[in-house]
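Peer 1: Input my_file01.pdb, format and content: PDB, C-alpha atoms.
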```
ATOM      1  CA  ASP A   1       0.000   0.000   0.000  1.00  0.00           C
ATOM      2  CA  HIS A   2       1.054   3.619  -0.366  1.00  0.00           C
ATOM      3  CA  VAL A   3       1.728   4.106   3.361  1.00  0.00           C
ATOM      4  CA  THR A   4       4.281   1.284   3.433  1.00  0.00           C
ATOM      5  CA  GLN A   5       5.781   2.442   0.144  1.00  0.00           C
ATOM      6  CA  THR A   6       6.304   5.952   1.542  1.00  0.00           C
ATOM      7  CA  ALA A   7       7.914   4.562   4.711  1.00  0.00           C
ATOM      8  CA  LEU A   8      10.321   2.494   2.605  1.00  0.00           C
ATOM      9  CA  ARG A   9      11.233   5.481   0.450  1.00  0.00           C
ATOM     10  CA  LEU A  10      12.187   7.425   3.566  1.00  0.00           C
ATOM     11  CA  GLU A  11      14.688   4.623   4.237  1.00  0.00           C
ATOM     12  CA  GLY A  12      16.075   4.822   0.703  1.00  0.00           C
ATOM     13  CA  ILE A  13      14.211   1.801  -0.661  1.00  0.00           C
ATOM     14  CA  ASP A  14      12.284   2.349  -3.902  1.00  0.00           C
ATOM     15  CA  ALA A  15       9.737  -0.480  -4.025  1.00  0.00           C
ATOM     16  CA  PRO A  16       6.983  -0.719  -6.668  1.00  0.00           C
ATOM     17  CA  LEU A  17       3.388  -1.281  -5.604  1.00  0.00           C
ATOM     18  CA  CYS A  18       1.698  -4.654  -6.100  1.00  0.00           C
ATOM     19  CA  PRO A  19      -1.742  -5.702  -4.850  1.00  0.00           C
ATOM     20  CA  ASP A  20      -2.077  -8.389  -2.186  1.00  0.00           C
ATOM     21  CA  PRO A  21      -2.106 -11.866  -3.855  1.00  0.00           C
ATOM     22  CA  ALA A  22      -5.591 -12.468  -2.406  1.00  0.00           C
ATOM     23  CA  VAL A  23      -7.013 -10.302  -5.216  1.00  0.00           C
ATOM     24  CA  MET A  24      -6.550 -13.455  -7.338  1.00  0.00           C
ATOM     25  CA  VAL A  25      -8.747 -15.692  -5.161  1.00  0.00           C
ATOM     26  CA  GLN A  26     -11.779 -15.682  -7.440  1.00  0.00           C
ATOM     27  CA  GLN A  27      -9.743 -16.089 -10.603  1.00  0.00           C
ATOM     28  CA  CYS A  28      -7.621 -18.930  -9.200  1.00  0.00           C
ATOM     29  CA  PHE A  29     -10.145 -20.713  -6.979  1.00  0.00           C
ATOM     30  CA  GLY A  30     -13.558 -19.632  -8.243  1.00  0.00           C
ATOM     31  CA  GLY A  31     -14.575 -23.211  -9.013  1.00  0.00           C
ATOM     32  CA  VAL A  32     -13.725 -24.436  -5.525  1.00  0.00           C
ATOM     33  CA  ILE A  33     -15.604 -21.533  -3.954  1.00  0.00           C
ATOM     34  CA  ARG A  34     -18.689 -22.189  -6.109  1.00  0.00           C
ATOM     35  CA  GLN A  35     -18.690 -25.824  -4.986  1.00  0.00           C
ATOM     36  CA  HIS A  36     -18.699 -24.772  -1.330  1.00  0.00           C
ATOM     37  CA  ARG A  37     -21.565 -22.348  -1.978  1.00  0.00           C
ATOM     38  CA  GLN A  38     -23.699 -25.422  -2.692  1.00  0.00           C
ATOM     39  CA  GLN A  39     -22.766 -27.246   0.510  1.00  0.00           C
ATOM     40  CA  ASP A  40     -24.745 -27.295   3.741  1.00  0.00           C
ATOM     41  CA  ALA A  41     -22.948 -24.596   5.759  1.00  0.00           C
ATOM     42  CA  VAL A  42     -23.447 -21.798   3.237  1.00  0.00           C
ATOM     43  CA  LYS A  43     -26.813 -23.049   1.941  1.00  0.00           C
ATOM     44  CA  ALA A  44     -28.193 -22.884   5.486  1.00  0.00           C
ATOM     45  CA  VAL A  45     -27.386 -19.173   5.658  1.00  0.00           C
ATOM     46  CA  GLN A  46     -28.868 -18.523   2.215  1.00  0.00           C
ATOM     47  CA  ASN A  47     -32.038 -20.366   3.189  1.00  0.00           C
ATOM     48  CA  ALA A  48     -32.296 -18.415   6.446  1.00  0.00           C
ATOM     49  CA  PHE A  49     -32.056 -15.076   4.632  1.00  0.00           C
ATOM     50  CA  PRO A  50     -33.809 -15.403   1.245  1.00  0.00           C
ATOM     51  CA  ARG A  51     -33.573 -11.627   0.704  1.00  0.00           C
ATOM     52  CA  GLY A  52     -29.817 -11.813   1.098  1.00  0.00           C
ATOM     53  CA  TYR A  53     -27.358 -11.151   3.889  1.00  0.00           C
ATOM     54  CA  LEU A  54     -24.247  -9.218   4.831  1.00  0.00           C
ATOM     55  CA  ALA A  55     -21.221 -11.271   5.885  1.00  0.00           C
ATOM     56  CA  CYS A  56     -19.978  -9.606   9.081  1.00  0.00           C
ATOM     57  CA  GLN A  57     -16.796 -10.148  11.071  1.00  0.00           C
ATOM     58  CA  PHE A  58     -14.983  -8.342  13.847  1.00  0.00           C
ATOM     59  CA  SER A  59     -11.916  -8.999  15.970  1.00  0.00           C
ATOM     60  CA  ALA A  60     -11.585  -9.270  19.738  1.00  0.00           C
ATOM     61  CA  ASP A  61     -10.624  -5.583  19.765  1.00  0.00           C
ATOM     62  CA  PHE A  62     -14.399  -4.929  19.945  1.00  0.00           C
ATOM     63  CA  ALA A  63     -14.846  -6.947  23.148  1.00  0.00           C
ATOM     64  CA  ASP A  64     -16.115  -4.148  25.420  1.00  0.00           C
ATOM     65  CA  ASP A  65     -19.842  -3.573  25.911  1.00  0.00           C
ATOM     66  CA  ALA A  66     -19.758  -0.090  24.384  1.00  0.00           C
ATOM     67  CA  SER A  67     -18.284  -1.449  21.137  1.00  0.00           C
ATOM     68  CA  LEU A  68     -20.770  -4.334  21.013  1.00  0.00           C
ATOM     69  CA  ASP A  69     -23.667  -1.966  21.679  1.00  0.00           C
ATOM     70  CA  GLY A  70     -22.459   0.322  18.891  1.00  0.00           C
ATOM     71  CA  LEU A  71     -22.122  -2.559  16.424  1.00  0.00           C
ATOM     72  CA  ALA A  72     -25.595  -3.826  17.342  1.00  0.00           C
ATOM     73  CA  GLN A  73     -27.236  -0.420  16.923  1.00  0.00           C
ATOM     74  CA  GLU A  74     -25.685   0.248  13.535  1.00  0.00           C
ATOM     75  CA  LEU A  75     -26.304  -3.254  12.187  1.00  0.00           C
ATOM     76  CA  SER A  76     -29.897  -3.043  13.413  1.00  0.00           C
ATOM     77  CA  ASN A  77     -30.246   0.162  11.400  1.00  0.00           C
ATOM     78  CA  VAL A  78     -28.892  -1.636   8.324  1.00  0.00           C
ATOM     79  CA  ILE A  79     -31.315  -4.530   8.825  1.00  0.00           C
ATOM     80  CA  ALA A  80     -34.253  -2.118   9.117  1.00  0.00           C
ATOM     81  CA  ALA A  81     -33.221  -0.153   6.031  1.00  0.00           C
ATOM     82  CA  THR A  82     -32.381  -3.071   3.734  1.00  0.00           C
ATOM     83  CA  GLY A  83     -34.145  -6.207   4.978  1.00  0.00           C
ATOM     84  CA  LEU A  84     -30.841  -8.056   4.755  1.00  0.00           C
ATOM     85  CA  GLY A  85     -29.794 -10.630   7.327  1.00  0.00           C
ATOM     86  CA  ILE A  86     -26.479 -10.719   9.164  1.00  0.00           C
ATOM     87  CA  ALA A  87     -24.141 -13.725   8.918  1.00  0.00           C
ATOM     88  CA  LEU A  88     -21.492 -13.432  11.624  1.00  0.00           C
ATOM     89  CA  PHE A  89     -18.331 -15.299  10.621  1.00  0.00           C
ATOM     90  CA  ARG A  90     -14.867 -15.640  12.082  1.00  0.00           C
ATOM     91  CA  ALA A  91     -11.982 -14.910   9.735  1.00  0.00           C
ATOM     92  CA  GLY A  92      -9.658 -16.714  12.146  1.00  0.00           C
ATOM     93  CA  ALA A  93      -9.528 -18.148  15.653  1.00  0.00           C
ATOM     94  CA  ALA A  94      -5.971 -17.331  16.743  1.00  0.00           C
ATOM     95  CA  PRO A  95      -5.620 -15.406  20.045  1.00  0.00           C
ATOM     96  CA  TRP A  96      -6.963 -11.851  19.681  1.00  0.00           C
ATOM     97  CA  HIS A  97      -8.387 -12.640  16.267  1.00  0.00           C
ATOM     98  CA  ASP A  98     -12.144 -13.391  16.374  1.00  0.00           C
ATOM     99  CA  ASP A  99     -14.006 -14.682  19.440  1.00  0.00           C
ATOM    100  CA  ALA A 100     -17.148 -16.813  19.065  1.00  0.00           C
ATOM    101  CA  VAL A 101     -18.358 -15.701  22.514  1.00  0.00           C
ATOM    102  CA  LEU A 102     -18.406 -12.076  21.369  1.00  0.00           C
ATOM    103  CA  TYR A 103     -20.318 -13.049  18.246  1.00  0.00           C
ATOM    104  CA  ALA A 104     -22.991 -14.691  20.401  1.00  0.00           C
ATOM    105  CA  LYS A 105     -23.208 -11.540  22.521  1.00  0.00           C
ATOM    106  CA  LEU A 106     -23.701  -9.408  19.422  1.00  0.00           C
ATOM    107  CA  GLN A 107     -26.327 -11.774  18.016  1.00  0.00           C
ATOM    108  CA  ASN A 108     -28.288 -11.463  21.270  1.00  0.00           C
ATOM    109  CA  ARG A 109     -28.268  -7.689  20.873  1.00  0.00           C
ATOM    110  CA  LEU A 110     -29.748  -7.821  17.347  1.00  0.00           C
ATOM    111  CA  PRO A 111     -33.452  -8.207  16.534  1.00  0.00           C
ATOM    112  CA  PRO A 112     -34.545 -11.866  16.854  1.00  0.00           C
ATOM    113  CA  GLY A 113     -34.176 -13.908  13.679  1.00  0.00           C
ATOM    114  CA  THR A 114     -32.042 -11.328  11.861  1.00  0.00           C
ATOM    115  CA  ALA A 115     -28.582 -12.816  12.499  1.00  0.00           C
ATOM    116  CA  GLN A 116     -26.832 -16.170  12.508  1.00  0.00           C
ATOM    117  CA  CYS A 117     -23.364 -17.198  13.658  1.00  0.00           C
ATOM    118  CA  PHE A 118     -21.556 -19.083  10.895  1.00  0.00           C
ATOM    119  CA  PRO A 119     -19.736 -21.923  12.694  1.00  0.00           C
ATOM    120  CA  SER A 120     -17.181 -22.947  10.081  1.00  0.00           C
ATOM    121  CA  LEU A 121     -13.521 -21.927  10.061  1.00  0.00           C
ATOM    122  CA  HIS A 122     -12.876 -23.771   6.781  1.00  0.00           C
ATOM    123  CA  LEU A 123     -11.092 -21.442   4.366  1.00  0.00           C
ATOM    124  CA  TRP A 124     -13.220 -22.172   1.306  1.00  0.00           C
ATOM    125  CA  GLU A 125     -16.483 -22.147   3.258  1.00  0.00           C
ATOM    126  CA  ILE A 126     -15.632 -18.657   4.561  1.00  0.00           C
ATOM    127  CA  CYS A 127     -14.816 -17.542   1.015  1.00  0.00           C
ATOM    128  CA  ALA A 128     -18.072 -19.092  -0.211  1.00  0.00           C
ATOM    129  CA  LEU A 129     -20.057 -17.331   2.517  1.00  0.00           C
ATOM    130  CA  ILE A 130     -18.573 -14.019   1.385  1.00  0.00           C
ATOM    131  CA  ALA A 131     -19.068 -14.772  -2.314  1.00  0.00           C
ATOM    132  CA  ALA A 132     -22.760 -15.583  -1.769  1.00  0.00           C
ATOM    133  CA  SER A 133     -23.368 -12.434   0.295  1.00  0.00           C
ATOM    134  CA  ARG A 134     -24.591  -8.972  -0.656  1.00  0.00           C
ATOM    135  CA  GLY A 135     -21.462  -7.464   0.882  1.00  0.00           C
ATOM    136  CA  VAL A 136     -18.989  -7.570   3.744  1.00  0.00           C
ATOM    137  CA  VAL A 137     -18.617  -5.593   6.965  1.00  0.00           C
ATOM    138  CA  GLY A 138     -15.548  -6.399   9.029  1.00  0.00           C
ATOM    139  CA  SER A 139     -12.171  -5.567  10.483  1.00  0.00           C
ATOM    140  CA  SER A 140     -10.241  -8.216   8.515  1.00  0.00           C
ATOM    141  CA  LEU A 141      -8.165  -7.036   5.549  1.00  0.00           C
ATOM    142  CA  HIS A 142      -8.448 -10.337   3.721  1.00  0.00           C
ATOM    143  CA  ALA A 143     -12.205 -10.566   4.208  1.00  0.00           C
ATOM    144  CA  ARG A 144     -12.352  -7.213   2.429  1.00  0.00           C
ATOM    145  CA  ILE A 145     -10.074  -8.442  -0.357  1.00  0.00           C
ATOM    146  CA  VAL A 146     -12.160 -11.599  -0.926  1.00  0.00           C
ATOM    147  CA  ALA A 147     -15.195  -9.332  -1.296  1.00  0.00           C
ATOM    148  CA  LEU A 148     -13.210  -7.132  -3.687  1.00  0.00           C
ATOM    149  CA  ALA A 149     -12.204 -10.129  -5.799  1.00  0.00           C
ATOM    150  CA  HIS A 150     -15.884 -11.046  -6.171  1.00  0.00           C
ATOM    151  CA  GLY A 151     -16.944  -7.491  -7.023  1.00  0.00           C
ATOM    152  CA  LEU A 152     -18.953  -7.021  -3.824  1.00  0.00           C
ATOM    153  CA  PRO A 153     -19.614  -3.951  -1.641  1.00  0.00           C
ATOM    154  CA  ARG A 154     -17.433  -3.800   1.469  1.00  0.00           C
ATOM    155  CA  VAL A 155     -17.058  -1.696   4.596  1.00  0.00           C
ATOM    156  CA  SER A 156     -14.143  -2.030   6.996  1.00  0.00           C
ATOM    157  CA  LEU A 157     -14.239  -1.348  10.717  1.00  0.00           C
ATOM    158  CA  ALA A 158     -11.625   0.907  12.283  1.00  0.00           C
ATOM    159  CA  LEU A 159     -10.335  -0.571  15.531  1.00  0.00           C
ATOM    160  CA  PRO A 160     -11.673   1.258  18.600  1.00  0.00           C
ATOM    161  CA  GLN A 161      -8.189   2.029  19.970  1.00  0.00           C
ATOM    162  CA  GLN A 162      -6.569   2.781  16.619  1.00  0.00           C
ATOM    163  CA  GLY A 163      -6.471   6.553  17.100  1.00  0.00           C
ATOM    164  CA  GLU A 164      -4.512   8.455  14.471  1.00  0.00           C
ATOM    165  CA  ARG A 165      -2.321   5.510  13.476  1.00  0.00           C
ATOM    166  CA  PRO A 166      -2.738   4.587   9.783  1.00  0.00           C
ATOM    167  CA  GLY A 167      -4.573   1.272   9.555  1.00  0.00           C
ATOM    168  CA  LYS A 168      -3.504  -1.363   7.040  1.00  0.00           C
ATOM    169  CA  VAL A 169      -7.066  -1.905   5.799  1.00  0.00           C
ATOM    170  CA  ALA A 170      -7.636   1.793   5.095  1.00  0.00           C
ATOM    171  CA  ALA A 171      -4.200   2.066   3.487  1.00  0.00           C
ATOM    172  CA  PHE A 172      -4.996  -0.836   1.159  1.00  0.00           C
ATOM    173  CA  ALA A 173      -8.380   0.648   0.205  1.00  0.00           C
ATOM    174  CA  GLU A 174      -6.901   4.095  -0.413  1.00  0.00           C
ATOM    175  CA  THR A 175      -4.258   2.568  -2.681  1.00  0.00           C
ATOM    176  CA  TRP A 176      -6.327   0.161  -4.734  1.00  0.00           C
ATOM    177  CA  GLU A 177     -10.064   0.844  -4.533  1.00  0.00           C
ATOM    178  CA  PRO A 178     -12.535   3.326  -6.076  1.00  0.00           C
ATOM    179  CA  ASP A 179     -13.107   6.564  -4.181  1.00  0.00           C
ATOM    180  CA  ALA A 180     -16.844   5.816  -4.072  1.00  0.00           C
ATOM    181  CA  LEU A 181     -16.272   2.996  -1.573  1.00  0.00           C
ATOM    182  CA  PRO A 182     -15.924   3.729   2.167  1.00  0.00           C
ATOM    183  CA  ARG A 183     -12.553   2.942   3.754  1.00  0.00           C
ATOM    184  CA  SER A 184     -12.344   2.099   7.465  1.00  0.00           C
ATOM    185  CA  VAL A 185     -15.138   3.611   9.540  1.00  0.00           C
ATOM    186  CA  ALA A 186     -15.868   3.837  13.248  1.00  0.00           C
ATOM    187  CA  ALA A 187     -18.617   1.600  14.622  1.00  0.00           C
ATOM    188  CA  ASP A 188     -21.077   4.497  14.803  1.00  0.00           C
ATOM    189  CA  ARG A 189     -20.827   5.041  11.029  1.00  0.00           C
ATOM    190  CA  ILE A 190     -21.501   1.481   9.859  1.00  0.00           C
ATOM    191  CA  ALA A 191     -25.065   2.060   8.645  1.00  0.00           C
ATOM    192  CA  SER A 192     -24.305   5.097   6.481  1.00  0.00           C
ATOM    193  CA  ALA A 193     -21.149   3.438   5.122  1.00  0.00           C
ATOM    194  CA  VAL A 194     -23.040   0.250   4.205  1.00  0.00           C
ATOM    195  CA  MET A 195     -25.707   2.233   2.368  1.00  0.00           C
ATOM    196  CA  GLN A 196     -22.960   4.113   0.505  1.00  0.00           C
ATOM    197  CA  ALA A 197     -21.214   0.863  -0.462  1.00  0.00           C
ATOM    198  CA  LEU A 198     -24.456  -0.781  -1.623  1.00  0.00           C
ATOM    199  CA  ASP A 199     -25.070   2.200  -3.926  1.00  0.00           C
ATOM    200  CA  VAL A 200     -21.789   1.746  -5.825  1.00  0.00           C
ATOM    201  CA  PRO A 201     -22.635   0.378  -9.307  1.00  0.00           C
ATOM    202  CA  ALA A 202     -21.833  -3.299  -9.813  1.00  0.00           C
ATOM    203  CA  ASP A 203     -19.775  -2.593 -12.944  1.00  0.00           C
ATOM    204  CA  VAL A 204     -17.488  -0.279 -10.948  1.00  0.00           C
ATOM    205  CA  LEU A 205     -16.822  -3.048  -8.439  1.00  0.00           C
ATOM    206  CA  GLN A 206     -16.270  -5.666 -11.140  1.00  0.00           C
ATOM    207  CA  ASP A 207     -13.911  -3.378 -13.066  1.00  0.00           C
ATOM    208  CA  ASN A 208     -11.891  -2.781  -9.901  1.00  0.00           C
ATOM    209  CA  ALA A 209     -11.539  -6.530  -9.351  1.00  0.00           C
ATOM    210  CA  ALA A 210     -10.438  -7.087 -12.964  1.00  0.00           C
ATOM    211  CA  GLN A 211      -7.928  -4.228 -12.835  1.00  0.00           C
ATOM    212  CA  LEU A 212      -6.269  -5.536  -9.684  1.00  0.00           C
ATOM    213  CA  SER A 213      -6.048  -9.073 -11.077  1.00  0.00           C
ATOM    214  CA  ALA A 214      -4.338  -7.692 -14.158  1.00  0.00           C
ATOM    215  CA  ARG A 215      -2.024  -5.524 -12.039  1.00  0.00           C
ATOM    216  CA  TYR A 216      -1.007  -8.510  -9.913  1.00  0.00           C
ATOM    217  CA  LEU A 217      -0.232 -10.615 -13.002  1.00  0.00           C
ATOM    218  CA  GLU A 218       1.877  -7.786 -14.423  1.00  0.00           C
ATOM    219  CA  SER A 219       3.861  -7.628 -11.188  1.00  0.00           C
ATOM    220  CA  GLN A 220       4.272 -11.397 -11.127  1.00  0.00           C
ATOM    221  CA  ALA A 221       5.657 -11.345 -14.676  1.00  0.00           C
ATOM    222  CA  HIS A 222       8.064  -8.571 -13.661  1.00  0.00           C
ATOM    223  CA  TRP A 223       9.362 -10.572 -10.690  1.00  0.00           C
ATOM    224  CA  ALA A 224       9.781 -13.692 -12.844  1.00  0.00           C
ATOM    225  CA  GLY A 225      11.915 -11.673 -15.258  1.00  0.00           C
ATOM    226  CA  LEU A 226      14.274 -10.739 -12.423  1.00  0.00           C
ATOM    227  CA  LEU A 227      14.984 -14.355 -11.476  1.00  0.00           C
ATOM    228  CA  PRO A 228      17.859 -16.290 -13.090  1.00  0.00           C
ATOM    229  CA  SER A 229      16.599 -19.046 -15.376  1.00  0.00           C
ATOM    230  CA  ARG A 230      18.435 -21.665 -13.307  1.00  0.00           C
ATOM    231  CA  GLY A 231      16.590 -20.446 -10.219  1.00  0.00           C
ATOM    232  CA  LEU A 232      13.251 -20.963 -11.974  1.00  0.00           C
ATOM    233  CA  ALA A 233      14.269 -24.462 -13.091  1.00  0.00           C
ATOM    234  CA  GLN A 234      15.202 -25.422  -9.568  1.00  0.00           C
TER     235      GLN A 234
END
```
Any chance you could give the structure as structure tokens?

Peer 2:
Amino acid sequence: DHVTQTALRLEGIDAPLCPDPAVMVQQCFGGVIRQHRQQDAVKAVQNAFPRGYLACQFSADFADDASLDGLAQELSNVIAATGLGIALFRAGAAPWHDDAVLYAKLQNRLPPGTAQCFPSLHLWEICALIAASRGVVGSSLHARIVALAHGLPRVSLALPQQGERPGKVAAFAETWEPDALPRSVAADRIASAVMQALDVPADVLQDNAAQLSARYLESQAHWAGLLPSRGLAQ
């Protein structure tokens, strides 16, 4: 992203920009993801929310009651405005990543029947849940990038204690995504940011995904050209 690139330049390192490899997930693994969309875990969510759903994720940084209350209020506003359901998924279960207990607490704060906790931690089932959604709300960078690769609306959550520090998710979005899409927003701005993201035309989102795939392949070809032929053979 441009923040890292600037920091490197201050140290005398001139590094070109390249998108995160995850922008290739749909192009490289679209068939696998489509297969998992037809399996029980994702189908259950689709059946529960026939009008569609948002795939939502947040880290343990949002563990305090004030943060959970703020998430619940804003997501409730989204549910009321759109009729979409909420599928709460964990992007990972490492310490201080995502906590299933917190997800249950948030679900209890939302209107009955409007949210489900997605139990799977299987990589392709998570990708399939995102791919089948109407959009993503979360603090995970790679959840956002999977949504990007599928041409879906996305809204990222700024960490409550982040302050003025530049966040990696916002830096990625500023570098690679259309200005019409929200970057990282505080919990009390989720509803307005989701409505803004849902209003971005589908062709704009699809074009962005195609452009980043092409940019990644260009970078990959450049790196391959820098390697000795014997190194490639080995």

Peer 1: How would you write, as a list in words, the residues chosen by the PyMOL selection byres ((chain A and resi 9-20) around 9) on this structure?

Peer 2: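 When the PyMOL selection byres ((chain A and resi 9-20) around 9) is applied, the selected residues are Asp1, His2, Thr4, Gln5, Thr6, Ala7, Leu8, Pro21, Ala22, Val23, Met24, His142, Ile145, Phe172, Thr175, Trp176, Leu212, Ser213, Arg215, Tyr216, Glu218, Ser219 and Gln220 of chain A.
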
Peer 1: Include C-alpha atoms and write out the residues we just selected as a compact mmCIF listing (two decimals), keeping the file's coordinate frame.

Peer 2:
```
# COMPACT_ATOMS: atom_id res chain seq x y z
CA ASP A 1 0.00 0.00 0.00
CA HIS A 2 1.05 3.62 -0.37
CA THR A 4 4.28 1.28 3.43
CA GLN A 5 5.78 2.44 0.14
CA THR A 6 6.30 5.95 1.54
CA ALA A 7 7.91 4.56 4.71
CA LEU A 8 10.32 2.49 2.60
CA PRO A 21 -2.11 -11.87 -3.86
CA ALA A 22 -5.59 -12.47 -2.41
CA VAL A 23 -7.01 -10.30 -5.22
CA MET A 24 -6.55 -13.46 -7.34
CA HIS A 142 -8.45 -10.34 3.72
CA ILE A 145 -10.07 -8.44 -0.36
CA PHE A 172 -5.00 -0.84 1.16
CA THR A 175 -4.26 2.57 -2.68
CA TRP A 176 -6.33 0.16 -4.73
CA LEU A 212 -6.27 -5.54 -9.68
CA SER A 213 -6.05 -9.07 -11.08
CA ARG A 215 -2.02 -5.52 -12.04
CA TYR A 216 -1.01 -8.51 -9.91
CA GLU A 218 1.88 -7.79 -14.42
CA SER A 219 3.86 -7.63 -11.19
CA GLN A 220 4.27 -11.40 -11.13
```

Peer 1: Rounded to one decimal place, report the CA of Trp223 (chain A)-CA of Ile33 (chain A) distance in Å.

Peer 2: 28.1 Å

Peer 1: Taking the file as shown, what set of residues would the PyMOL selection byres ((chain A and resi 150) around 12) give back, as a ChimeraX atom specification?

Peer 2: /A:22-30,33-34,127-136,143-149,151-154,202-210,212-213

Peer 1: Determine the residue membership of the PyMOL selection byres ((chain A and resi 85-94) around 8) for the file above and supply it as JSON, numbers by chain.

Peer 2: {"A": [45, 49, 51, 52, 53, 54, 55, 56, 57, 58, 79, 83, 84, 95, 96, 97, 98, 99, 100, 103, 114, 115, 116, 117, 118, 119, 120, 121, 126, 140, 143]}

Peer 1: From the set A:Ala158, A:Ala104, A:Ala191, A:Val200, which residue has the shortest atom-to-atom contact distance to Pro178 (chain A), counting only C-alpha atoms?

Peer 2: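 Result for the nearest residue to Pro178 (chain A): A:Val200.
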
Peer 1: At what distance in Å, to one decimal, does CA of Val78 (chain A) lie from CA of Pro111 (chain A)?

Peer 2: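 Between these atoms lies a distance of 11.5 Å.
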
Peer 1: May I ask for the distance between CA of Asp61 (chain A) and CA of Val137 (chain A), given in Å to one decimal place?

Peer 2: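 Between CA of Asp61 (chain A) and CA of Val137 (chain A) the gap is 15.1 Å.
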
Peer 1: Can you build me a table of region 71-143 of chain A residues sitting at most 9 Å from region 185-190 of chain A, with the closest atom pair per residue and its distance in Å to one decimal, using all atoms listed in the file, sorted by chain and residue number, as a tab-separated table?

Peer 2:
```
residue	atom	partner	partner_atom	distance
A:Leu71	CA	A:Ala187	CA	5.7
A:Gln73	CA	A:Asp188	CA	8.2
A:Glu74	CA	A:Ile190	CA	5.7
A:Leu75	CA	A:Ile190	CA	7.1
A:Asn77	CA	A:Ile190	CA	9.0
A:Val78	CA	A:Ile190	CA	8.2
A:Val137	CA	A:Ile190	CA	8.2
```

Peer 1: May I have the selected residues written with C-alpha atoms, as a compact mmCIF listing (two decimals), in the frame of the given file?

Peer 2:
```txt
# COMPACT_ATOMS: atom_id res chain seq x y z
CA LEU A 71 -22.12 -2.56 16.42
CA GLN A 73 -27.24 -0.42 16.92
CA GLU A 74 -25.68 0.25 13.54
CA LEU A 75 -26.30 -3.25 12.19
CA ASN A 77 -30.25 0.16 11.40
CA VAL A 78 -28.89 -1.64 8.32
CA VAL A 137 -18.62 -5.59 6.96
```

Peer 1: What are the centre and edge lengths in Å, to one decimal, of the axis-aligned box around all listed atoms of region 148-160 of chain A with 4 Å added on each side, as JSON?

Peer 2:
```
{"center_x": -15.0, "center_y": -4.9, "center_z": 5.8, "size_x": 17.3, "size_y": 20.3, "size_z": 33.6}
```

Peer 1: Given the choices A:Ser76, A:Ser192, A:Ser156, A:Gln38, which gets closest to Leu110 (chain A) if the distance is worked out from all atoms listed in the file?

Peer 2: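 With all atoms listed in the file as the atom set, the closest residue is A:Ser76.
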
Peer 1: Find the spatial neighbours of Leu102 (chain A), counting all atoms listed in the file, within a cut-off of 10 Å - ignore same-chain residues fewer than 5 positions away - and output them as a ChimeraX atom specification.

Peer 2: /A:58-60,62-65,68,107-108

Peer 1: Rank nothing, just name the residue among A:Ala44, A:Leu157, A:Leu217, A:Ala197 nearest to Ala170 (chain A), using only C-alpha atoms.

Peer 2: A:Leu157
